[in-house]
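Colleague: Pasting input-v5.pdb below, which is PDB, C-alpha atoms and all ligand atoms.
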ATOM      1  CA  MET P   1       0.000   0.000   0.000
ATOM      2  CA  ALA P   2       1.059   3.506  -0.636
ATOM      3  CA  GLN P   3       2.208   5.468   2.339
ATOM      4  CA  THR P   4       1.468   9.053   2.974
ATOM      5  CA  LYS P   5       3.258  11.329   5.338
ATOM      6  CA  SER P   6       0.722  12.764   7.672
ATOM      7  CA  LYS P   7       0.973  15.037  10.631
ATOM      8  CA  SER P   8      -1.232  12.603  12.505
ATOM      9  CA  ASN P   9       0.540   9.930  14.549
ATOM     10  CA  SER P  10      -2.348   7.509  14.289
ATOM     11  CA  GLY P  11      -0.586   5.559  11.540
ATOM     12  CA  ARG P  12      -3.384   6.410   9.168
ATOM     13  CA  PRO P  13      -3.847   9.645   7.300
ATOM     14  CA  ALA P  14      -6.838  11.832   8.057
ATOM     15  CA  SER P  15     -10.162  10.075   7.964
ATOM     16  CA  ILE P  16     -12.064   9.940   4.701
ATOM     17  CA  GLN P  17     -14.747  11.791   6.594
ATOM     18  CA  ALA P  18     -12.363  14.645   7.296
ATOM     19  CA  GLY P  19     -14.256  16.912   4.945
ATOM     20  CA  LYS P  20     -17.232  16.606   7.267
ATOM     21  CA  SER P  21     -15.235  17.376  10.396
ATOM     22  CA  SER P  22     -17.326  17.860  13.474
ATOM     23  CA  GLY P  23     -14.748  20.264  14.813
ATOM     24  CA  LYS P  24     -13.357  17.691  17.233
ATOM     25  CA  ASN P  25      -9.988  17.777  15.479
ATOM     26  CA  SER P  26      -9.707  21.417  16.290
ATOM     27  CA  ASN P  27      -5.919  21.383  15.955
ATOM     28  CA  THR P  28      -6.208  20.604  12.207
ATOM     29  CA  SER P  29      -7.968  23.116   9.999
ATOM     30  CA  SER P  30     -10.324  21.828   7.314
ATOM     31  CA  GLN P  31      -7.977  23.281   4.699
ATOM     32  CA  GLU P  32      -5.084  21.255   6.113
ATOM     33  CA  GLN P  33      -7.225  18.129   6.209
ATOM     34  CA  SER P  34      -8.236  18.675   2.623
ATOM     35  CA  SER P  35      -4.630  18.981   1.489
ATOM     36  CA  MET P  36      -3.704  15.855   3.468
ATOM     37  CA  LEU P  37      -6.513  13.985   1.716
ATOM     38  CA  GLU P  38      -5.350  15.292  -1.643
ATOM     39  CA  GLU P  39      -1.870  14.059  -0.848
ATOM     40  CA  LEU P  40      -3.287  10.645   0.035
ATOM     41  CA  PHE P  41      -5.299  10.585  -3.196
ATOM     42  CA  LEU P  42      -2.226  11.424  -5.262
ATOM     43  CA  ASP P  43      -0.165   8.785  -3.495
ATOM     44  CA  GLU P  44      -2.775   6.110  -4.145
ATOM     45  CA  LEU P  45      -3.015   7.248  -7.761
ATOM     46  CA  LYS P  46       0.727   6.672  -8.218
ATOM     47  CA  ASP P  47       0.335   3.234  -6.633
ATOM     48  CA  ILE P  48      -2.508   2.066  -8.890
ATOM     49  CA  TYR P  49      -0.775   3.611 -11.923
ATOM     50  CA  TRP P  50       2.227   1.363 -11.282
ATOM     51  CA  ALA P  51      -0.158  -1.575 -10.772
ATOM     52  CA  GLU P  52      -2.032  -1.021 -14.050
ATOM     53  CA  LYS P  53       1.191  -0.636 -16.043
ATOM     54  CA  HIS P  54       2.466  -3.816 -14.435
ATOM     55  CA  LEU P  55      -0.729  -5.620 -15.475
ATOM     56  CA  VAL P  56      -0.236  -4.537 -19.093
ATOM     57  CA  LYS P  57       2.917  -6.691 -18.953
ATOM     58  CA  ALA P  58       1.420  -9.540 -16.899
ATOM     59  CA  LEU P  59      -1.844 -10.130 -18.802
ATOM     60  CA  PRO P  60      -0.239 -11.340 -22.067
ATOM     61  CA  LYS P  61       1.676 -13.943 -20.033
ATOM     62  CA  MET P  62      -1.567 -15.105 -18.441
ATOM     63  CA  ALA P  63      -3.323 -15.218 -21.814
ATOM     64  CA  LYS P  64      -0.497 -17.283 -23.274
ATOM     65  CA  ALA P  65      -0.645 -19.705 -20.348
ATOM     66  CA  ALA P  66      -4.434 -20.196 -20.434
ATOM     67  CA  THR P  67      -5.764 -23.512 -21.661
ATOM     68  CA  SER P  68      -9.293 -22.599 -22.780
ATOM     69  CA  ASP P  69      -9.972 -20.173 -25.615
ATOM     70  CA  GLU P  70     -12.634 -18.491 -23.503
ATOM     71  CA  LEU P  71     -10.226 -17.626 -20.686
ATOM     72  CA  ARG P  72      -7.484 -16.587 -23.110
ATOM     73  CA  GLN P  73      -9.932 -14.258 -24.842
ATOM     74  CA  SER P  74     -11.049 -12.736 -21.545
ATOM     75  CA  PHE P  75      -7.416 -11.959 -20.632
ATOM     76  CA  THR P  76      -6.786 -10.484 -24.074
ATOM     77  CA  ASP P  77      -9.898  -8.321 -23.826
ATOM     78  CA  HIS P  78      -9.001  -7.189 -20.330
ATOM     79  CA  LEU P  79      -5.531  -6.241 -21.551
ATOM     80  CA  GLU P  80      -7.169  -3.704 -23.872
ATOM     81  CA  ALA P  81      -9.364  -2.443 -21.010
ATOM     82  CA  THR P  82      -6.283  -2.193 -18.782
ATOM     83  CA  LYS P  83      -4.475  -0.031 -21.344
ATOM     84  CA  GLY P  84      -7.530   2.232 -21.138
ATOM     85  CA  HIS P  85      -7.186   2.313 -17.334
ATOM     86  CA  VAL P  86      -3.599   3.506 -17.709
ATOM     87  CA  THR P  87      -4.722   6.317 -20.029
ATOM     88  CA  ARG P  88      -7.564   7.248 -17.665
ATOM     89  CA  LEU P  89      -5.111   7.523 -14.773
ATOM     90  CA  GLU P  90      -2.860   9.771 -16.847
ATOM     91  CA  LYS P  91      -5.914  11.958 -17.369
ATOM     92  CA  ALA P  92      -6.509  11.986 -13.605
ATOM     93  CA  PHE P  93      -2.960  13.248 -12.956
ATOM     94  CA  GLY P  94      -3.647  15.969 -15.517
ATOM     95  CA  LEU P  95      -6.886  16.997 -13.777
ATOM     96  CA  LEU P  96      -4.926  17.382 -10.552
ATOM     97  CA  GLY P  97      -2.278  19.440 -12.337
ATOM     98  CA  GLU P  98       0.320  16.844 -11.344
ATOM     99  CA  LYS P  99       2.934  15.059 -13.391
ATOM    100  CA  VAL P 100       2.297  11.411 -14.211
ATOM    101  CA  GLN P 101       4.227   9.265 -11.781
ATOM    102  CA  ALA P 102       4.320   5.586 -10.813
ATOM    103  CA  LYS P 103       5.184   4.231  -7.395
ATOM    104  CA  LYS P 104       5.782   0.523  -6.924
ATOM    105  CA  CYS P 105       2.687  -1.251  -5.685
ATOM    106  CA  GLU P 106       3.973  -4.134  -3.557
ATOM    107  CA  ALA P 107       0.495  -5.677  -3.381
ATOM    108  CA  MET P 108       0.168  -5.955  -7.163
ATOM    109  CA  ALA P 109       3.748  -7.165  -7.489
ATOM    110  CA  GLY P 110       2.843  -9.937  -5.022
ATOM    111  CA  LEU P 111      -0.436 -10.822  -6.706
ATOM    112  CA  THR P 112       1.133 -11.200 -10.145
ATOM    113  CA  LYS P 113       3.925 -13.255  -8.599
ATOM    114  CA  GLU P 114       1.215 -15.574  -7.313
ATOM    115  CA  GLY P 115      -0.057 -15.827 -10.893
ATOM    116  CA  ASP P 116       3.451 -16.781 -12.047
ATOM    117  CA  GLY P 117       3.492 -19.428  -9.322
ATOM    118  CA  ILE P 118       0.245 -20.930 -10.637
ATOM    119  CA  ILE P 119       1.766 -21.206 -14.115
ATOM    120  CA  GLU P 120       4.872 -22.890 -12.705
ATOM    121  CA  ASP P 121       2.943 -25.289 -10.498
ATOM    122  CA  THR P 122       0.325 -26.474 -12.984
ATOM    123  CA  GLU P 123       0.616 -28.476 -16.145
ATOM    124  CA  LYS P 124       0.351 -26.782 -19.502
ATOM    125  CA  GLY P 125      -2.878 -27.569 -21.360
ATOM    126  CA  THR P 126      -4.894 -28.473 -18.267
ATOM    127  CA  LEU P 127      -8.094 -26.914 -16.999
ATOM    128  CA  THR P 128      -6.641 -27.114 -13.506
ATOM    129  CA  ARG P 129      -4.256 -24.410 -14.677
ATOM    130  CA  ASP P 130      -7.222 -22.312 -15.810
ATOM    131  CA  VAL P 131      -8.889 -22.703 -12.416
ATOM    132  CA  GLY P 132      -5.700 -21.387 -10.810
ATOM    133  CA  LEU P 133      -5.352 -18.542 -13.318
ATOM    134  CA  ILE P 134      -8.949 -17.459 -12.710
ATOM    135  CA  MET P 135      -8.291 -17.430  -8.979
ATOM    136  CA  ALA P 136      -5.148 -15.331  -9.415
ATOM    137  CA  ALA P 137      -6.892 -12.949 -11.809
ATOM    138  CA  GLN P 138      -9.852 -12.469  -9.487
ATOM    139  CA  LYS P 139      -7.519 -11.537  -6.635
ATOM    140  CA  VAL P 140      -6.112  -8.846  -8.928
ATOM    141  CA  GLU P 141      -9.579  -7.596  -9.886
ATOM    142  CA  HIS P 142     -10.664  -7.438  -6.253
ATOM    143  CA  TYR P 143      -7.609  -5.370  -5.377
ATOM    144  CA  GLU P 144      -8.461  -2.991  -8.210
ATOM    145  CA  ILE P 145     -12.130  -2.838  -7.220
ATOM    146  CA  ALA P 146     -11.175  -1.921  -3.646
ATOM    147  CA  THR P 147      -8.745   0.729  -4.869
ATOM    148  CA  TYR P 148     -11.010   2.396  -7.436
ATOM    149  CA  GLY P 149     -13.999   2.254  -5.074
ATOM    150  CA  SER P 150     -12.002   4.057  -2.388
ATOM    151  CA  LEU P 151     -10.524   6.544  -4.862
ATOM    152  CA  ALA P 152     -13.980   7.376  -6.236
ATOM    153  CA  GLN P 153     -15.270   8.032  -2.722
ATOM    154  CA  LEU P 154     -12.212  10.087  -1.845
ATOM    155  CA  ALA P 155     -12.567  12.184  -4.998
ATOM    156  CA  LYS P 156     -16.198  12.869  -4.076
ATOM    157  CA  THR P 157     -15.174  13.880  -0.555
ATOM    158  CA  LEU P 158     -12.660  16.267  -2.102
ATOM    159  CA  GLY P 159     -15.428  17.724  -4.269
ATOM    160  CA  LYS P 160     -13.736  16.598  -7.487
ATOM    161  CA  SER P 161     -16.596  15.054  -9.429
ATOM    162  CA  ASP P 162     -14.709  14.864 -12.738
ATOM    163  CA  LEU P 163     -12.045  12.800 -11.011
ATOM    164  CA  ALA P 164     -14.667  10.652  -9.276
ATOM    165  CA  ASP P 165     -16.309   9.943 -12.658
ATOM    166  CA  LEU P 166     -13.018   8.659 -14.071
ATOM    167  CA  MET P 167     -12.542   6.355 -11.080
ATOM    168  CA  VAL P 168     -16.110   5.033 -11.340
ATOM    169  CA  GLN P 169     -15.702   4.254 -15.052
ATOM    170  CA  THR P 170     -12.697   2.037 -14.340
ATOM    171  CA  LEU P 171     -14.377   0.573 -11.246
ATOM    172  CA  GLU P 172     -17.277  -0.625 -13.414
ATOM    173  CA  GLU P 173     -14.928  -2.242 -15.937
ATOM    174  CA  GLU P 174     -13.047  -4.061 -13.157
ATOM    175  CA  LYS P 175     -16.358  -5.356 -11.790
ATOM    176  CA  GLU P 176     -17.360  -6.583 -15.246
ATOM    177  CA  ALA P 177     -14.028  -8.387 -15.629
ATOM    178  CA  ASP P 178     -14.481 -10.017 -12.247
ATOM    179  CA  GLU P 179     -18.029 -11.154 -13.061
ATOM    180  CA  LEU P 180     -16.914 -12.572 -16.391
ATOM    181  CA  LEU P 181     -14.207 -14.611 -14.648
ATOM    182  CA  THR P 182     -16.784 -15.931 -12.190
ATOM    183  CA  SER P 183     -19.083 -17.027 -14.998
ATOM    184  CA  ILE P 184     -16.257 -18.704 -16.926
ATOM    185  CA  ALA P 185     -15.349 -20.658 -13.786
ATOM    186  CA  GLU P 186     -18.939 -21.557 -12.962
ATOM    187  CA  ASN P 187     -20.094 -22.480 -16.432
ATOM    188  CA  ASN P 188     -17.243 -24.551 -17.740
ATOM    189  CA  ILE P 189     -13.820 -24.669 -16.286
ATOM    190  CA  ASN P 190     -14.353 -25.875 -12.728
ATOM    191  CA  VAL P 191     -16.687 -28.731 -13.696
ATOM    192  CA  GLU P 192     -14.475 -29.938 -16.538
ATOM    193  CA  ALA P 193     -11.353 -29.634 -14.430
ATOM    194  CA  THR P 194     -12.704 -32.246 -11.994
ATOM    195  CA  ALA P 195     -12.389 -34.794 -14.798
ATOM    196  CA  GLU P 196      -8.611 -34.285 -15.025
TER     197      GLU P 196
HETATM  198 FE    FE R 201      -7.456  -2.013 -14.268
HETATM  199 FE    FE R 202      -8.515  -5.218 -13.971
END
So that I can check it, write out the structure of this file as structure tokens.

Modeller:
Amino acid sequence: MAQTKSKSNSGRPASIQAGKSSGKNSNTSSQEQSSMLEELFLDELKDIYWAEKHLVKALPKMAKAATSDELRQSFTDHLEATKGHVTRLEKAFGLLGEKVQAKKCEAMAGLTKEGDGIIEDTEKGTLTRDVGLIMAAQKVEHYEIATYGSLAQLAKTLGKSDLADLMVQTLEEEKEADELLTSIAENNINVEATAE
């Protein structure tokens, strides 16, 4: 996870609700809280930007490793969507008046490493491999869903609706990708894999 320097010692940056401060945090002005939240937003943007660019490299490997045409096609399609996510993030940096910057996302590095492990540990041409690849891919999608959901909410809190719209657009595409993977697993792969 991205880390943000905050004046707070709580280990977490200002609450997402900071914009609606009740006045209890009287030692931090609402302007300061807002800039801390903006800093957090920017930091998380750099994190997911690294993650998406990393996925542009990882998805072709997963497509190549897939056994079924259906799964391979879903990875190939999601690669195109992912390239769009990268472009959308670049737009988000622009809206903030910030330069485009990536910051290593350890979580995504770990998740794609897990995907590599599945490929190493399963036999080529088996549906068992596809079951594993779907599992790895869904972990990735869930990480993205959590990130874009939080970023959309944060953008709304900051009063940046144009930014929130961008985050929601990607959020919806990640959800679609996740649902497609679920239906591929449910409809074909898992049942057929039991016969191996
Ligand atoms: Fe994405
Ligand atoms: Fe995705």

Colleague: How close does each residue of chain P get to ligand FE 202 (chain R), giving the shortest atom pair and distance in Å to one decimal for every residue with an atom at most 7 Å away, counting all atoms listed in the file, sorted by chain and residue number, as JSON lines?

Modeller:
{"residue": "P:His78", "atom": "CA", "partner": "R:FE202", "partner_atom": "FE", "distance": 6.7}
{"residue": "P:Thr82", "atom": "CA", "partner": "R:FE202", "partner_atom": "FE", "distance": 6.1}
{"residue": "P:Val140", "atom": "CA", "partner": "R:FE202", "partner_atom": "FE", "distance": 6.7}
{"residue": "P:Glu141", "atom": "CA", "partner": "R:FE202", "partner_atom": "FE", "distance": 4.8}
{"residue": "P:Glu144", "atom": "CA", "partner": "R:FE202", "partner_atom": "FE", "distance": 6.2}
{"residue": "P:Glu174", "atom": "CA", "partner": "R:FE202", "partner_atom": "FE", "distance": 4.7}
{"residue": "P:Ala177", "atom": "CA", "partner": "R:FE202", "partner_atom": "FE", "distance": 6.6}

Colleague: May I have the residues from that selection written out with C-alpha atoms, as a PDB file, keeping the file's coordinate frame?

Modeller:
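selection27.pdb, freshly written:
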ATOM      1  CA  HIS P  78      -9.001  -7.189 -20.330  1.00  0.00           C
ATOM      2  CA  THR P  82      -6.283  -2.193 -18.782  1.00  0.00           C
ATOM      3  CA  VAL P 140      -6.112  -8.846  -8.928  1.00  0.00           C
ATOM      4  CA  GLU P 141      -9.579  -7.596  -9.886  1.00  0.00           C
ATOM      5  CA  GLU P 144      -8.461  -2.991  -8.210  1.00  0.00           C
ATOM      6  CA  GLU P 174     -13.047  -4.061 -13.157  1.00  0.00           C
ATOM      7  CA  ALA P 177     -14.028  -8.387 -15.629  1.00  0.00           C
TER       8      ALA P 177
END

Colleague: Do you know which residues are within 9 Å of ligand FE 201 (chain R) using only C-alpha atoms and all ligand atoms? Can you write them as a PyMOL selection string?

Modeller: chain P and resi 48+51-53+55+78-79+81-86+140-141+144-145+148+170-171+173-174

Colleague: Could the residues in this selection be written to a file with C-alpha atoms, as a CSV table (one decimal), keeping the file's coordinate frame?

Modeller:
chain,number,residue,atom,x,y,z
P,48,ILE,CA,-2.5,2.1,-8.9
P,51,ALA,CA,-0.2,-1.6,-10.8
P,52,GLU,CA,-2.0,-1.0,-14.0
P,53,LYS,CA,1.2,-0.6,-16.0
P,55,LEU,CA,-0.7,-5.6,-15.5
P,78,HIS,CA,-9.0,-7.2,-20.3
P,79,LEU,CA,-5.5,-6.2,-21.6
P,81,ALA,CA,-9.4,-2.4,-21.0
P,82,THR,CA,-6.3,-2.2,-18.8
P,83,LYS,CA,-4.5,0.0,-21.3
P,84,GLY,CA,-7.5,2.2,-21.1
P,85,HIS,CA,-7.2,2.3,-17.3
P,86,VAL,CA,-3.6,3.5,-17.7
P,140,VAL,CA,-6.1,-8.8,-8.9
P,141,GLU,CA,-9.6,-7.6,-9.9
P,144,GLU,CA,-8.5,-3.0,-8.2
P,145,ILE,CA,-12.1,-2.8,-7.2
P,148,TYR,CA,-11.0,2.4,-7.4
P,170,THR,CA,-12.7,2.0,-14.3
P,171,LEU,CA,-14.4,0.6,-11.2
P,173,GLU,CA,-14.9,-2.2,-15.9
P,174,GLU,CA,-13.0,-4.1,-13.2

Colleague: Considering all atoms listed in the file, state which residue in the set P:Met62, P:Leu71, P:Leu95, P:Ala193 is at the smallest distance from Ser161 in chain P.

Modeller: P:Leu95

Colleague: The PyMOL selection byres (((chain P and resi 107-110) around 9) and not hetatm) on the file shown: which residues, as a ChimeraX atom specification?

Modeller: /P:1,48,50-52,54-55,104-106,111-115,140,143

Colleague: Can you tell me, as a VMD selection string, what residues are no more than 10 Å from Gly132 in chain P when counting all atoms listed in the file, ignoring any on the same chain fewer than 4 positions away?

Modeller: chain P and resid 66 114 to 115 117 to 119 121 to 122 127 to 128 136 to 138 190

Colleague: With all atoms listed in the file as the basis for distance, which of P:Lys61, P:Lys99, P:Arg88, P:Lys156 is at the shortest distance from Phe75 in chain P?

Modeller: P:Lys61

Colleague: Take the PyMOL selection byres (((chain P and resi 126) around 10) and not hetatm), apply it to the structure above, and return the hits as a ChimeraX atom specification.

Modeller: /P:65-68,122-125,127-131,189,192-193,196

Colleague: Can I get the selected residues back with C-alpha atoms, as a PDB file, in the coordinates of the input?

Modeller:
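Done, and the output landed in selection30.pdb:
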ATOM      1  CA  ALA P  65      -0.645 -19.705 -20.348  1.00  0.00           C
ATOM      2  CA  ALA P  66      -4.434 -20.196 -20.434  1.00  0.00           C
ATOM      3  CA  THR P  67      -5.764 -23.512 -21.661  1.00  0.00           C
ATOM      4  CA  SER P  68      -9.293 -22.599 -22.780  1.00  0.00           C
ATOM      5  CA  THR P 122       0.325 -26.474 -12.984  1.00  0.00           C
ATOM      6  CA  GLU P 123       0.616 -28.476 -16.145  1.00  0.00           C
ATOM      7  CA  LYS P 124       0.351 -26.782 -19.502  1.00  0.00           C
ATOM      8  CA  GLY P 125      -2.878 -27.569 -21.360  1.00  0.00           C
ATOM      9  CA  LEU P 127      -8.094 -26.914 -16.999  1.00  0.00           C
ATOM     10  CA  THR P 128      -6.641 -27.114 -13.506  1.00  0.00           C
ATOM     11  CA  ARG P 129      -4.256 -24.410 -14.677  1.00  0.00           C
ATOM     12  CA  ASP P 130      -7.222 -22.312 -15.810  1.00  0.00           C
ATOM     13  CA  VAL P 131      -8.889 -22.703 -12.416  1.00  0.00           C
ATOM     14  CA  ILE P 189     -13.820 -24.669 -16.286  1.00  0.00           C
ATOM     15  CA  GLU P 192     -14.475 -29.938 -16.538  1.00  0.00           C
ATOM     16  CA  ALA P 193     -11.353 -29.634 -14.430  1.00  0.00           C
ATOM     17  CA  GLU P 196      -8.611 -34.285 -15.025  1.00  0.00           C
TER      18      GLU P 196
END

Colleague: Here is a test: counting only C-alpha atoms, which residue of P:Gln153, P:Leu45, P:Glu120, P:Ser74 is nearest to Asp178 in chain P?

Modeller: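 Of all the options, P:Ser74 lies closest to Asp178 in chain P.
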
Colleague: Using only C-alpha atoms, which residue out of P:Glu32, P:Glu176, P:Asp47, P:Glu38 lies closest to Leu89 in chain P?

Modeller: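 Looking at the shortest contact to Leu89 in chain P, the residue is P:Asp47.
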
Colleague: In Å, how far is it from CA of Lys175 in chain P to CA of Thr76 in chain P?

Modeller: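 Here the two named atoms are 16.4 Å from each other.
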
Colleague: Assuming the chain letters and numbering stay as they are in my file, what does the PyMOL selection byres (((chain P and resi 42) around 10) and not hetatm) actually select? List them as a list in words.

Modeller: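 This file gives the following for the PyMOL selection byres (((chain P and resi 42) around 10) and not hetatm): Ala2, Thr4, Met36, Leu37, Glu38, Glu39, Leu40, Phe41, Asp43, Glu44, Leu45, Lys46, Asp47, Ala92, Phe93, Leu96, Glu98, Gln101 and Leu151 of chain P.
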
Colleague: Nearest residue to Asp77 in chain P out of P:Val191, P:Ala146, P:Met167, P:Leu181, using all atoms listed in the file?

Modeller: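 Closest to Asp77 in chain P, using all atoms listed in the file: P:Leu181.
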
Colleague: Measuring atom to atom with all atoms listed in the file, identify which of P:Asn187, P:Arg72, P:Asp116, P:Leu158 is nearest to Ser30 in chain P.

Modeller: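 Under the stated criterion, the closest residue is P:Leu158.
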